file coords-v5.tsv (TSV, C-alpha atoms)
chain	number	residue	atom	x	y	z
A	1	MET	CA	105.06	134.19	106.49
A	2	ASP	CA	106.00	137.66	107.73
A	3	ALA	CA	106.05	139.00	104.17
A	4	PHE	CA	102.58	137.66	103.52
A	5	ALA	CA	101.15	138.95	106.81
A	6	ASN	CA	102.49	142.45	106.14
A	7	ARG	CA	101.29	142.39	102.51
A	8	ASN	CA	104.67	143.84	101.49
A	9	HIS	CA	106.79	142.26	98.78
A	10	VAL	CA	104.23	139.54	98.11
A	11	ARG	CA	105.44	139.44	94.53
A	12	HIS	CA	108.83	138.25	95.74
A	13	LEU	CA	107.14	135.64	97.89
A	14	ILE	CA	105.41	134.27	94.79
A	15	ILE	CA	108.79	134.08	93.09
A	16	LEU	CA	110.26	132.15	96.02
A	17	VAL	CA	107.40	129.64	96.07
A	18	GLU	CA	107.73	129.14	92.33
A	19	PHE	CA	111.45	128.54	92.72
A	20	LEU	CA	110.81	125.90	95.41
A	21	ALA	CA	108.15	124.22	93.25
A	22	ARG	CA	110.73	123.79	90.47
A	23	TRP	CA	113.37	122.41	92.84
A	24	GLU	CA	113.44	118.75	91.87
A	25	GLU	CA	115.43	117.60	94.91
A	26	ARG	CA	113.72	119.69	97.57
A	27	PRO	CA	114.03	118.22	101.09
A	28	ALA	CA	111.20	116.48	102.92
A	29	CYS	CA	111.21	119.14	105.64
A	30	LEU	CA	109.45	121.47	103.19
A	31	THR	CA	106.23	119.42	103.50
A	32	PRO	CA	105.20	120.57	107.01
A	33	MET	CA	106.62	124.04	106.34
A	34	ALA	CA	104.62	124.46	103.15
A	35	TYR	CA	101.49	123.23	104.91
A	36	GLU	CA	101.87	125.95	107.52
A	37	TRP	CA	102.35	128.52	104.75
A	38	CYS	CA	99.08	127.36	103.15
A	39	SER	CA	97.38	127.80	106.49
A	40	VAL	CA	98.59	131.38	106.74
A	41	PHE	CA	97.47	132.16	103.18
A	42	SER	CA	94.02	130.73	103.82
A	43	GLU	CA	93.56	132.29	107.24
A	44	ALA	CA	94.51	135.74	105.97
A	45	THR	CA	92.14	135.58	102.99
A	46	GLU	CA	88.89	134.11	104.26
A	47	GLY	CA	86.41	133.23	101.57
A	48	LEU	CA	89.08	132.19	99.11
A	49	GLY	CA	86.87	129.49	97.65
A	50	GLN	CA	84.01	131.83	96.86
A	51	GLY	CA	83.39	132.04	93.14
A	52	GLY	CA	85.86	129.26	92.36
A	53	MET	CA	89.56	129.37	91.69
A	54	GLN	CA	91.02	131.64	89.04
A	55	ILE	CA	94.65	131.12	88.21
A	56	SER	CA	96.74	133.98	86.93
A	57	GLU	CA	98.52	133.92	83.59
A	58	TYR	CA	101.83	133.26	85.33
A	59	CYS	CA	100.58	129.91	86.67
A	60	GLN	CA	99.48	128.92	83.19
A	61	GLY	CA	102.65	129.82	81.32
A	62	ASP	CA	106.40	129.71	81.63
A	63	TYR	CA	107.73	131.47	84.71
A	64	TRP	CA	111.37	131.36	83.84
A	65	PHE	CA	111.71	134.63	81.94
A	66	PHE	CA	109.76	136.44	84.66
A	67	LEU	CA	111.81	134.81	87.43
A	68	ASP	CA	115.12	135.69	85.81
A	69	MET	CA	114.08	139.31	85.57
A	70	GLU	CA	112.94	139.46	89.19
A	71	PHE	CA	115.95	137.71	90.70
A	72	ALA	CA	118.27	139.99	88.70
A	73	HIS	CA	116.88	142.97	90.65
A	74	VAL	CA	117.59	141.47	94.08
A	75	GLU	CA	120.69	143.15	95.51
A	76	PRO	CA	123.27	141.10	97.45
A	77	GLY	CA	122.61	141.16	101.20
A	78	ARG	CA	119.18	142.75	100.85
A	79	ASP	CA	116.52	141.33	103.18
A	80	LEU	CA	113.18	141.46	101.41
A	81	VAL	CA	111.26	140.17	104.42
A	82	HIS	CA	112.70	142.62	106.95
A	83	PRO	CA	113.76	145.68	104.89
A	84	ASP	CA	115.30	148.73	106.55
A	85	ASP	CA	113.20	151.75	107.43
A	86	ASN	CA	114.02	153.68	104.25
A	87	SER	CA	113.13	150.85	101.88
A	88	HIS	CA	109.94	150.21	103.82
A	89	ALA	CA	108.99	153.85	103.48
A	90	ARG	CA	109.54	153.72	99.74
A	91	GLY	CA	107.59	150.48	99.32
A	92	HIS	CA	103.90	150.23	98.65
A	93	PRO	CA	101.77	147.32	99.85
A	94	LEU	CA	100.83	145.35	96.81
A	95	GLY	CA	97.60	143.95	98.22
A	96	LEU	CA	96.58	140.40	97.47
A	97	GLY	CA	93.62	139.46	95.32
A	98	HIS	CA	92.02	136.06	94.97
A	99	LYS	CA	94.07	135.16	91.91
A	100	ASP	CA	97.34	135.95	93.68
A	101	CYS	CA	96.31	133.92	96.70
A	102	ALA	CA	95.20	131.06	94.45
A	103	ASP	CA	98.63	131.10	92.80
A	104	LEU	CA	100.34	131.01	96.16
A	105	LEU	CA	98.11	128.29	97.55
A	106	LEU	CA	98.39	125.91	94.60
A	107	ARG	CA	102.10	126.35	94.14
A	108	THR	CA	102.75	125.99	97.86
A	109	LEU	CA	100.71	122.79	98.02
A	110	GLU	CA	102.82	121.58	95.12
A	111	VAL	CA	105.98	122.43	97.04
A	112	GLY	CA	104.79	120.44	100.04
A	113	PHE	CA	103.04	117.46	98.52
A	114	ARG	CA	103.85	116.94	94.82
A	115	LEU	CA	106.98	114.94	95.72
A	116	ALA	CA	105.86	113.73	99.16
A	117	ASP	CA	106.02	109.97	99.70
A	118	ILE	CA	102.45	108.75	100.18
A	119	SER	CA	103.19	105.04	99.80
A	120	PRO	CA	101.98	102.64	102.52
A	121	TYR	CA	103.77	102.44	105.86
A	122	GLN	CA	105.53	105.79	105.57
A	123	PRO	CA	105.87	107.58	108.93
A	124	SER	CA	103.25	110.27	109.51
A	125	LEU	CA	104.05	113.94	109.97
A	126	ASP	CA	102.73	116.35	112.60
A	127	LEU	CA	100.41	118.62	110.63
A	128	ASN	CA	98.39	121.06	112.69
A	129	HIS	CA	94.93	120.70	111.15
A	130	THR	CA	92.67	123.59	112.14
A	131	SER	CA	89.28	124.84	110.97
A	132	HIS	CA	90.57	127.20	108.28
A	133	HIS	CA	92.18	124.27	106.49
A	134	ASP	CA	88.75	123.40	105.12
A	135	GLN	CA	89.04	126.58	103.07
A	136	ILE	CA	92.17	125.17	101.46
A	137	PHE	CA	90.36	122.02	100.35
A	138	ASP	CA	87.25	123.93	99.25
A	139	ALA	CA	89.41	126.15	97.07
A	140	VAL	CA	91.58	123.44	95.55
A	141	PHE	CA	88.74	121.02	94.77
A	142	SER	CA	86.73	123.82	93.17
A	143	TYR	CA	89.67	124.55	90.85
A	144	GLY	CA	89.46	121.17	89.15
A	145	ASP	CA	93.07	120.30	88.28
A	146	ASP	CA	93.70	116.68	89.31
A	147	GLU	CA	97.35	117.29	90.13
A	148	ALA	CA	96.46	120.14	92.49
A	149	ILE	CA	93.69	118.05	94.06
A	150	ALA	CA	96.12	115.17	94.56
A	151	ASP	CA	98.45	117.61	96.35
A	152	ALA	CA	95.61	118.51	98.73
A	153	VAL	CA	94.68	114.85	99.30
A	154	GLY	CA	98.29	114.36	100.36
A	155	ALA	CA	97.46	116.26	103.56
A	156	TRP	CA	95.08	113.48	104.59
A	157	ILE	CA	97.74	110.90	103.89
A	158	VAL	CA	100.94	112.22	105.45
A	159	GLY	CA	99.41	113.75	108.60
A	160	LYS	CA	98.97	111.85	111.84
A	161	SER	CA	95.35	112.96	112.02
A	162	SER	CA	93.08	113.78	109.13
A	163	PRO	CA	91.29	117.15	108.87
A	164	ALA	CA	87.79	117.34	110.30
A	165	SER	CA	86.36	117.77	106.80
A	166	SER	CA	85.20	114.73	104.87
A	167	CYS	CA	87.56	113.44	102.20
A	168	ALA	CA	84.59	111.71	100.54
A	169	ARG	CA	82.69	115.00	100.35
A	170	TYR	CA	85.51	116.60	98.40
A	171	PHE	CA	85.85	113.62	96.09
A	172	ALA	CA	82.14	113.94	95.38
A	173	VAL	CA	82.81	117.43	94.04
A	174	ARG	CA	85.50	116.08	91.74
A	175	VAL	CA	83.66	112.94	90.60
A	176	ALA	CA	80.61	115.02	89.68
A	177	ARG	CA	82.55	116.22	86.63
A	178	ALA	CA	82.23	112.73	85.11
A	179	THR	CA	85.80	112.70	83.77
A	180	PRO	CA	88.12	109.88	84.87
A	181	LEU	CA	90.43	110.58	87.79
A	182	SER	CA	94.07	110.99	86.87
A	183	PRO	CA	96.28	108.03	87.89
A	184	ARG	CA	98.00	110.13	90.56
A	185	LEU	CA	94.73	111.38	92.06
A	186	ARG	CA	93.29	107.87	92.09
A	187	TYR	CA	96.45	106.59	93.80
A	188	ALA	CA	96.25	109.40	96.37
A	189	GLY	CA	92.57	108.60	97.01
A	190	ILE	CA	93.36	104.92	97.59
A	191	ARG	CA	96.13	105.79	100.03
A	192	ALA	CA	93.86	108.28	101.86
A	193	LEU	CA	91.21	105.60	102.30
A	194	GLU	CA	93.84	103.10	103.37
A	195	ARG	CA	95.28	105.37	106.07
A	196	ASN	CA	92.05	106.83	107.43
A	197	TRP	CA	89.55	103.97	107.23
A	198	ARG	CA	89.41	103.48	111.00
A	199	ARG	CA	88.13	107.01	111.58
A	200	MET	CA	85.99	107.20	108.46
A	201	PRO	CA	82.19	106.76	108.49
A	202	ILE	CA	81.00	103.71	106.55
A	203	SER	CA	79.09	105.95	104.13
A	204	ASP	CA	82.29	107.82	103.26
A	205	ALA	CA	84.26	104.61	102.83
A	206	LEU	CA	81.56	103.24	100.52
A	207	TYR	CA	81.55	106.36	98.40
A	208	LEU	CA	85.33	106.35	98.00
A	209	LEU	CA	85.36	102.65	97.20
A	210	ASN	CA	82.84	103.19	94.42
A	211	CYS	CA	84.82	106.17	93.08
A	212	LEU	CA	88.20	104.46	93.14
A	213	ARG	CA	87.33	100.86	92.14
A	214	VAL	CA	90.28	99.40	94.03
A	215	ASP	CA	91.72	96.13	92.76
A	216	VAL	CA	94.33	93.61	93.89
A	217	ASP	CA	97.19	95.43	92.18
A	218	ASP	CA	96.32	98.61	94.10
A	219	VAL	CA	96.62	97.19	97.60
A	220	VAL	CA	100.27	96.14	97.18
A	221	GLU	CA	101.28	94.21	100.31
A	222	ASN	CA	98.56	95.69	102.48
A	223	ASN	CA	95.93	93.02	101.94
A	224	PHE	CA	95.29	92.68	105.68
A	225	VAL	CA	94.08	96.29	105.96
A	226	TRP	CA	91.86	95.97	102.89
A	227	SER	CA	90.46	92.63	104.04
A	228	TRP	CA	89.40	94.16	107.32
A	229	LEU	CA	88.11	97.33	105.66
A	230	LEU	CA	85.82	95.35	103.35
A	231	VAL	CA	84.64	93.06	106.15
A	232	ARG	CA	83.84	96.12	108.26
A	233	VAL	CA	81.83	97.64	105.39
A	234	ILE	CA	79.90	94.39	104.78
A	235	ARG	CA	79.03	94.08	108.46
A	236	SER	CA	77.33	97.47	108.39
A	237	PRO	CA	73.66	97.45	107.30
A	238	THR	CA	74.21	100.03	104.55
A	239	GLY	CA	77.46	98.48	103.37
A	240	PHE	CA	76.06	94.99	102.90
A	241	GLU	CA	73.33	96.33	100.65
A	242	SER	CA	75.52	98.81	98.74
A	243	LEU	CA	78.92	97.18	98.24
A	244	SER	CA	79.37	96.22	94.61
A	245	SER	CA	80.10	92.67	93.43
A	246	HIS	CA	83.53	93.93	92.37
A	247	TYR	CA	84.54	94.32	96.03
A	248	TRP	CA	83.08	90.97	97.04
A	249	ARG	CA	85.34	89.40	94.44
A	250	LEU	CA	88.28	91.48	95.72
A	251	LEU	CA	87.62	90.29	99.27
A	252	GLY	CA	87.57	86.71	97.99
A	253	LYS	CA	91.00	87.17	96.41
A	254	LEU	CA	92.47	88.88	99.49
A	255	THR	CA	91.20	86.25	101.92
A	256	SER	CA	92.03	83.15	99.92
A	257	VAL	CA	94.24	80.72	101.79
A	258	GLU	CA	96.90	81.18	99.12
A	259	SER	CA	97.20	84.94	99.82
A	260	SER	CA	96.72	84.92	103.57
A	261	SER	CA	97.45	82.82	106.63
A	262	TYR	CA	96.09	81.87	110.01
A	263	HIS	CA	98.14	84.71	111.50
A	264	HIS	CA	96.47	87.09	109.03
A	265	TRP	CA	93.05	86.12	110.37
A	266	ARG	CA	94.16	86.15	114.00
A	267	LEU	CA	95.14	89.79	113.47
A	268	MET	CA	91.68	90.51	112.08
A	269	GLY	CA	90.11	89.01	115.18
A	270	GLU	CA	92.33	91.04	117.47
A	271	LEU	CA	91.59	94.21	115.53
A	272	THR	CA	87.85	93.55	115.80
A	273	SER	CA	88.11	93.40	119.58
A	274	GLU	CA	90.41	96.43	119.70
A	275	LEU	CA	88.08	98.70	117.73
A	276	LEU	CA	84.98	97.51	119.64
A	277	SER	CA	82.86	98.42	116.63
A	278	TYR	CA	81.72	94.80	116.71
A	279	PRO	CA	83.04	93.34	119.99
A	280	ASP	CA	81.12	90.14	119.16
A	281	PRO	CA	81.23	89.92	115.37
A	282	VAL	CA	79.83	86.40	114.87
A	283	PRO	CA	76.12	87.25	115.37
A	284	ARG	CA	76.40	90.05	112.82
A	285	ASP	CA	78.29	87.75	110.47
A	286	LEU	CA	75.42	85.24	110.73
A	287	LYS	CA	72.90	87.93	109.80
A	288	VAL	CA	74.92	88.66	106.67
A	289	MET	CA	75.16	84.92	105.98
A	290	LYS	CA	71.38	84.45	106.20
A	291	SER	CA	70.71	87.51	104.05
A	292	ILE	CA	72.93	86.12	101.30
A	293	GLU	CA	71.39	82.67	101.65
A	294	GLU	CA	67.89	84.08	101.22
A	295	VAL	CA	68.73	85.50	97.79
A	296	GLU	CA	70.84	82.44	96.93
A	297	ASP	CA	73.87	84.48	95.89
A	298	TRP	CA	76.32	81.59	95.97
A	299	GLU	CA	79.26	83.67	94.74
A	300	LYS	CA	79.03	86.04	97.72
A	301	LEU	CA	78.34	83.18	100.11
A	302	GLU	CA	81.50	81.45	98.90
A	303	VAL	CA	83.44	84.57	99.92
A	304	TRP	CA	81.64	85.03	103.23
A	305	MET	CA	81.55	81.53	104.74
A	306	PRO	CA	85.34	81.19	105.26
A	307	ILE	CA	85.19	84.54	107.09
A	308	VAL	CA	82.34	83.27	109.28
A	309	TRP	CA	84.38	80.19	110.19
A	310	ILE	CA	87.51	82.20	110.90
A	311	PHE	CA	85.74	84.52	113.32
A	312	LEU	CA	83.93	81.58	114.88
A	313	ALA	CA	87.38	80.09	115.47
A	314	TRP	CA	88.43	83.33	117.13
A	315	ASP	CA	85.47	83.15	119.53
A	316	PHE	CA	84.02	79.64	119.36
A	317	LYS	CA	80.30	79.32	120.15
A	318	PRO	CA	79.10	75.68	119.95
A	319	ASP	CA	75.43	76.72	119.79
A	320	LEU	CA	76.05	78.45	116.44
A	321	VAL	CA	77.74	75.51	114.74
A	322	GLU	CA	74.48	73.88	113.65
A	323	ASP	CA	73.22	76.99	111.83
A	324	ILE	CA	76.59	77.76	110.26
A	325	GLY	CA	77.03	74.10	109.33
A	326	ARG	CA	73.65	73.97	107.60
A	327	VAL	CA	74.54	76.90	105.31
A	328	THR	CA	78.06	75.57	104.79
A	329	LEU	CA	76.70	72.21	103.65
A	330	LYS	CA	74.21	73.90	101.34
A	331	LEU	CA	76.97	76.05	99.80
A	332	ALA	CA	79.39	73.13	99.36
A	333	SER	CA	76.65	71.14	97.61
A	334	GLN	CA	76.02	74.01	95.18
A	335	ARG	CA	79.62	75.02	94.46
A	336	PRO	CA	82.49	72.50	94.43
A	337	SER	CA	84.93	75.44	94.41
A	338	ALA	CA	83.59	76.51	97.81
A	339	LEU	CA	84.16	72.99	99.14
A	340	GLN	CA	87.78	73.18	98.02
A	341	LYS	CA	88.29	76.58	99.68
A	342	LEU	CA	86.87	75.35	102.97
A	343	GLU	CA	89.08	72.26	102.81
A	344	ASN	CA	92.09	74.54	102.34
A	345	LEU	CA	90.92	76.57	105.31
A	346	CYS	CA	91.03	73.47	107.48
A	347	LYS	CA	94.71	73.13	106.66
A	348	ILE	CA	95.56	76.41	108.37
A	349	PHE	CA	93.28	75.76	111.36
A	350	ARG	CA	94.98	74.43	114.41
A	351	GLU	CA	93.55	71.37	116.18
A	352	SER	CA	90.37	72.75	117.71
A	353	ASP	CA	86.66	72.21	118.15
A	354	GLU	CA	85.83	74.44	115.20
A	355	ARG	CA	88.24	72.55	112.94
A	356	ALA	CA	86.68	69.23	113.94
A	357	ALA	CA	83.18	70.63	113.33
A	358	LEU	CA	84.11	71.96	109.90
A	359	LEU	CA	85.77	68.69	108.88
A	360	LEU	CA	82.60	66.73	109.75
A	361	ILE	CA	80.49	69.07	107.61
A	362	LEU	CA	82.89	68.85	104.67
A	363	ASP	CA	82.98	65.04	104.91
A	364	ARG	CA	79.19	65.04	104.70
A	365	ALA	CA	79.28	67.42	101.71
A	366	ARG	CA	81.70	65.16	99.87
A	367	ALA	CA	79.53	62.13	100.64
A	368	GLU	CA	76.43	63.88	99.28
A	369	GLN	CA	78.25	64.94	96.12
A	370	SER	CA	79.62	61.48	95.27
A	371	PRO	CA	76.28	59.76	94.41
A	372	LEU	CA	75.42	62.71	92.15
A	373	GLU	CA	78.50	62.21	90.00
A	374	SER	CA	77.77	60.56	86.68
A	375	PRO	CA	79.31	57.10	86.30
A	376	ARG	CA	82.24	56.97	83.94
A	377	THR	CA	81.69	55.28	80.58
A	378	PRO	CA	83.97	52.23	80.27

call {"tool": "encode", "arguments": {"input": "coords-v5.tsv", "output": "structure tokens"}}
result
Amino acid sequence: MDAFANRNHVRHLIILVEFLARWEERPACLTPMAYEWCSVFSEATEGLGQGGMQISEYCQGDYWFFLDMEFAHVEPGRDLVHPDDNSHARGHPLGLGHKDCADLLLRTLEVGFRLADISPYQPSLDLNHTSHHDQIFDAVFSYGDDEAIADAVGAWIVGKSSPASSCARYFAVRVARATPLSPRLRYAGIRALERNWRRMPISDALYLLNCLRVDVDDVVENNFVWSWLLVRVIRSPTGFESLSSHYWRLLGKLTSVESSSYHHWRLMGELTSELLSYPDPVPRDLKVMKSIEEVEDWEKLEVWMPIVWIFLAWDFKPDLVEDIGRVTLKLASQRPSALQKLENLCKIFRESDERAALLLILDRARAEQSPLESPRTP
């Protein structure tokens, strides 16, 4: 950091960063250190992102011959960061152009985040996000290399607090190129959404969902978080209208009785109260229910009605049972699969008023279906 600030021996700093980038077993402590180095690079060269990123020939080719030559000239015991007065007098500041800074920034992000563990439930690191960090993301996303972008997205994932800038805004820059995201960048985007969904505006969450097309295999063992995320999006006016059918089907898979439990849904109820975004979710859930009923989208209603009943169980309101029961009966009459799902839901309900109410409705649905069944031919 001293070498960069003084603009002396920057060439040797580039060599050091390249060496660290090629260190396959570099320690985890390099992640916060490298992030601070990126901050210094960006702060000292404001406007880095202007005109886009241009990477020098060294970043595009093989460094090894160049590195061997440079390291061969380093004398034993010589301190390149704090040289003596004579060597300092003989040295000439190299200056640092945009290409040099781009090299340093990209390679240093690689040092910090290329091998960083961004899998779910990893402990977060203390990263000091400040305003000039937006310059880092502006520069990296304008460059266009998915691996470098994934390194930058790692900062949203491993830090305890995300930068003030919008992750969705930067993904919009990348997605505008119309080429598929690399597997690593897509994975990083999914983890960023997973870790920051509580602080993220609904519009940003929607945009990332549409970019990433998350599926069951992507959520690993974190189906509770994704269940709540999708419910939160659907409850919002814009989310209900904009969320694709793909995510309604995903929510149906995540909230099936086979893949969840009563405890799973109790946690969702507790989280709803904790966030206070919808301290009383049932009225909003009924608005969604009626909107789906109006267009007779039975597939979505089959996904949504178990959720309505679960949150009604969390905060039982007898005056709402008639309206919910009417739609439940209508759905069960239209789709036998929905009747089966609601019957399975009763099995994880404890003895309660809502369980008794649901059982009465399902008994009526079965009774109405029976006369409609064609008699068997003897």

call {"tool": "residues_around", "arguments": {"input": "coords-v5.tsv", "residues": "Pro306 (chain A)", "least_positions_apart": "5", "cutoff": "8 Å", "atoms": "all atoms listed in the file", "output": "list in words"}}
result
Lys341, Leu342 and Leu345 of chain A

call {"tool": "closest_residue", "arguments": {"input": "coords-v5.tsv", "among": "A:Val153, A:Ala28, A:Val40, A:Cys167", "to": "Arg199 (chain A)", "atoms": "all atoms listed in the file"}}
result
A:Cys167

call {"tool": "closest_residue", "arguments": {"input": "coords-v5.tsv", "among": "A:Cys38, A:Val231, A:Ala188, A:Val111", "to": "Leu20 (chain A)", "atoms": "all atoms listed in the file"}}
result
A:Val111

call {"tool": "closest_residue", "arguments": {"input": "coords-v5.tsv", "among": "A:Arg235, A:Arg326, A:Lys253, A:Arg169", "to": "Pro283 (chain A)", "atoms": "only C-alpha atoms"}}
result
A:Arg235

call {"tool": "atom_distance", "arguments": {"input": "coords-v5.tsv", "atom1": "CA of Val140 (chain A)", "atom2": "CA of Phe41 (chain A)"}}
result
13.0 Å

call {"tool": "atom_distance", "arguments": {"input": "coords-v5.tsv", "atom1": "CA of Tyr170 (chain A)", "atom2": "CA of Ser142 (chain A)"}}
result
9.0 Å

call {"tool": "atom_distance", "arguments": {"input": "coords-v5.tsv", "atom1": "CA of Phe171 (chain A)", "atom2": "CA of Arg195 (chain A)"}}
result
16.0 Å

call {"tool": "residues_around", "arguments": {"input": "coords-v5.tsv", "residues": "Asp204 (chain A)", "least_positions_apart": "5", "cutoff": "12 Å", "atoms": "all atoms listed in the file", "output": "PyMOL selection string"}}
result
chain A and resi 165-172+192-193+196-199+209-211+233+238-239

call {"tool": "residues_around", "arguments": {"input": "coords-v5.tsv", "residues": "Ser182 (chain A)", "least_positions_apart": "3", "cutoff": "8 Å", "atoms": "only C-alpha atoms", "output": "PyMOL selection string"}}
result
chain A and resi 146-147+185-186

call {"tool": "closest_residue", "arguments": {"input": "coords-v5.tsv", "among": "A:Glu110, A:Glu299, A:Glu293, A:Glu368", "to": "Leu30 (chain A)", "atoms": "all atoms listed in the file"}}
result
A:Glu110

call {"tool": "residues_around", "arguments": {"input": "coords-v5.tsv", "residues": "Pro120 (chain A)", "least_positions_apart": "2", "cutoff": "9 Å", "atoms": "all atoms listed in the file", "output": "PDB file with C-alpha atoms, in the frame of the given file"}}
result
ATOM      1  CA  ASP A 117     106.020 109.970  99.700  1.00  0.00           C
ATOM      2  CA  ILE A 118     102.450 108.750 100.180  1.00  0.00           C
ATOM      3  CA  GLN A 122     105.530 105.790 105.570  1.00  0.00           C
ATOM      4  CA  PRO A 123     105.870 107.580 108.930  1.00  0.00           C
ATOM      5  CA  ARG A 191      96.130 105.790 100.030  1.00  0.00           C
ATOM      6  CA  GLU A 194      93.840 103.100 103.370  1.00  0.00           C
ATOM      7  CA  ARG A 195      95.280 105.370 106.070  1.00  0.00           C
ATOM      8  CA  VAL A 220     100.270  96.140  97.180  1.00  0.00           C
ATOM      9  CA  GLU A 221     101.280  94.210 100.310  1.00  0.00           C
ATOM     10  CA  ASN A 222      98.560  95.690 102.480  1.00  0.00           C
TER      11      ASN A 222
END
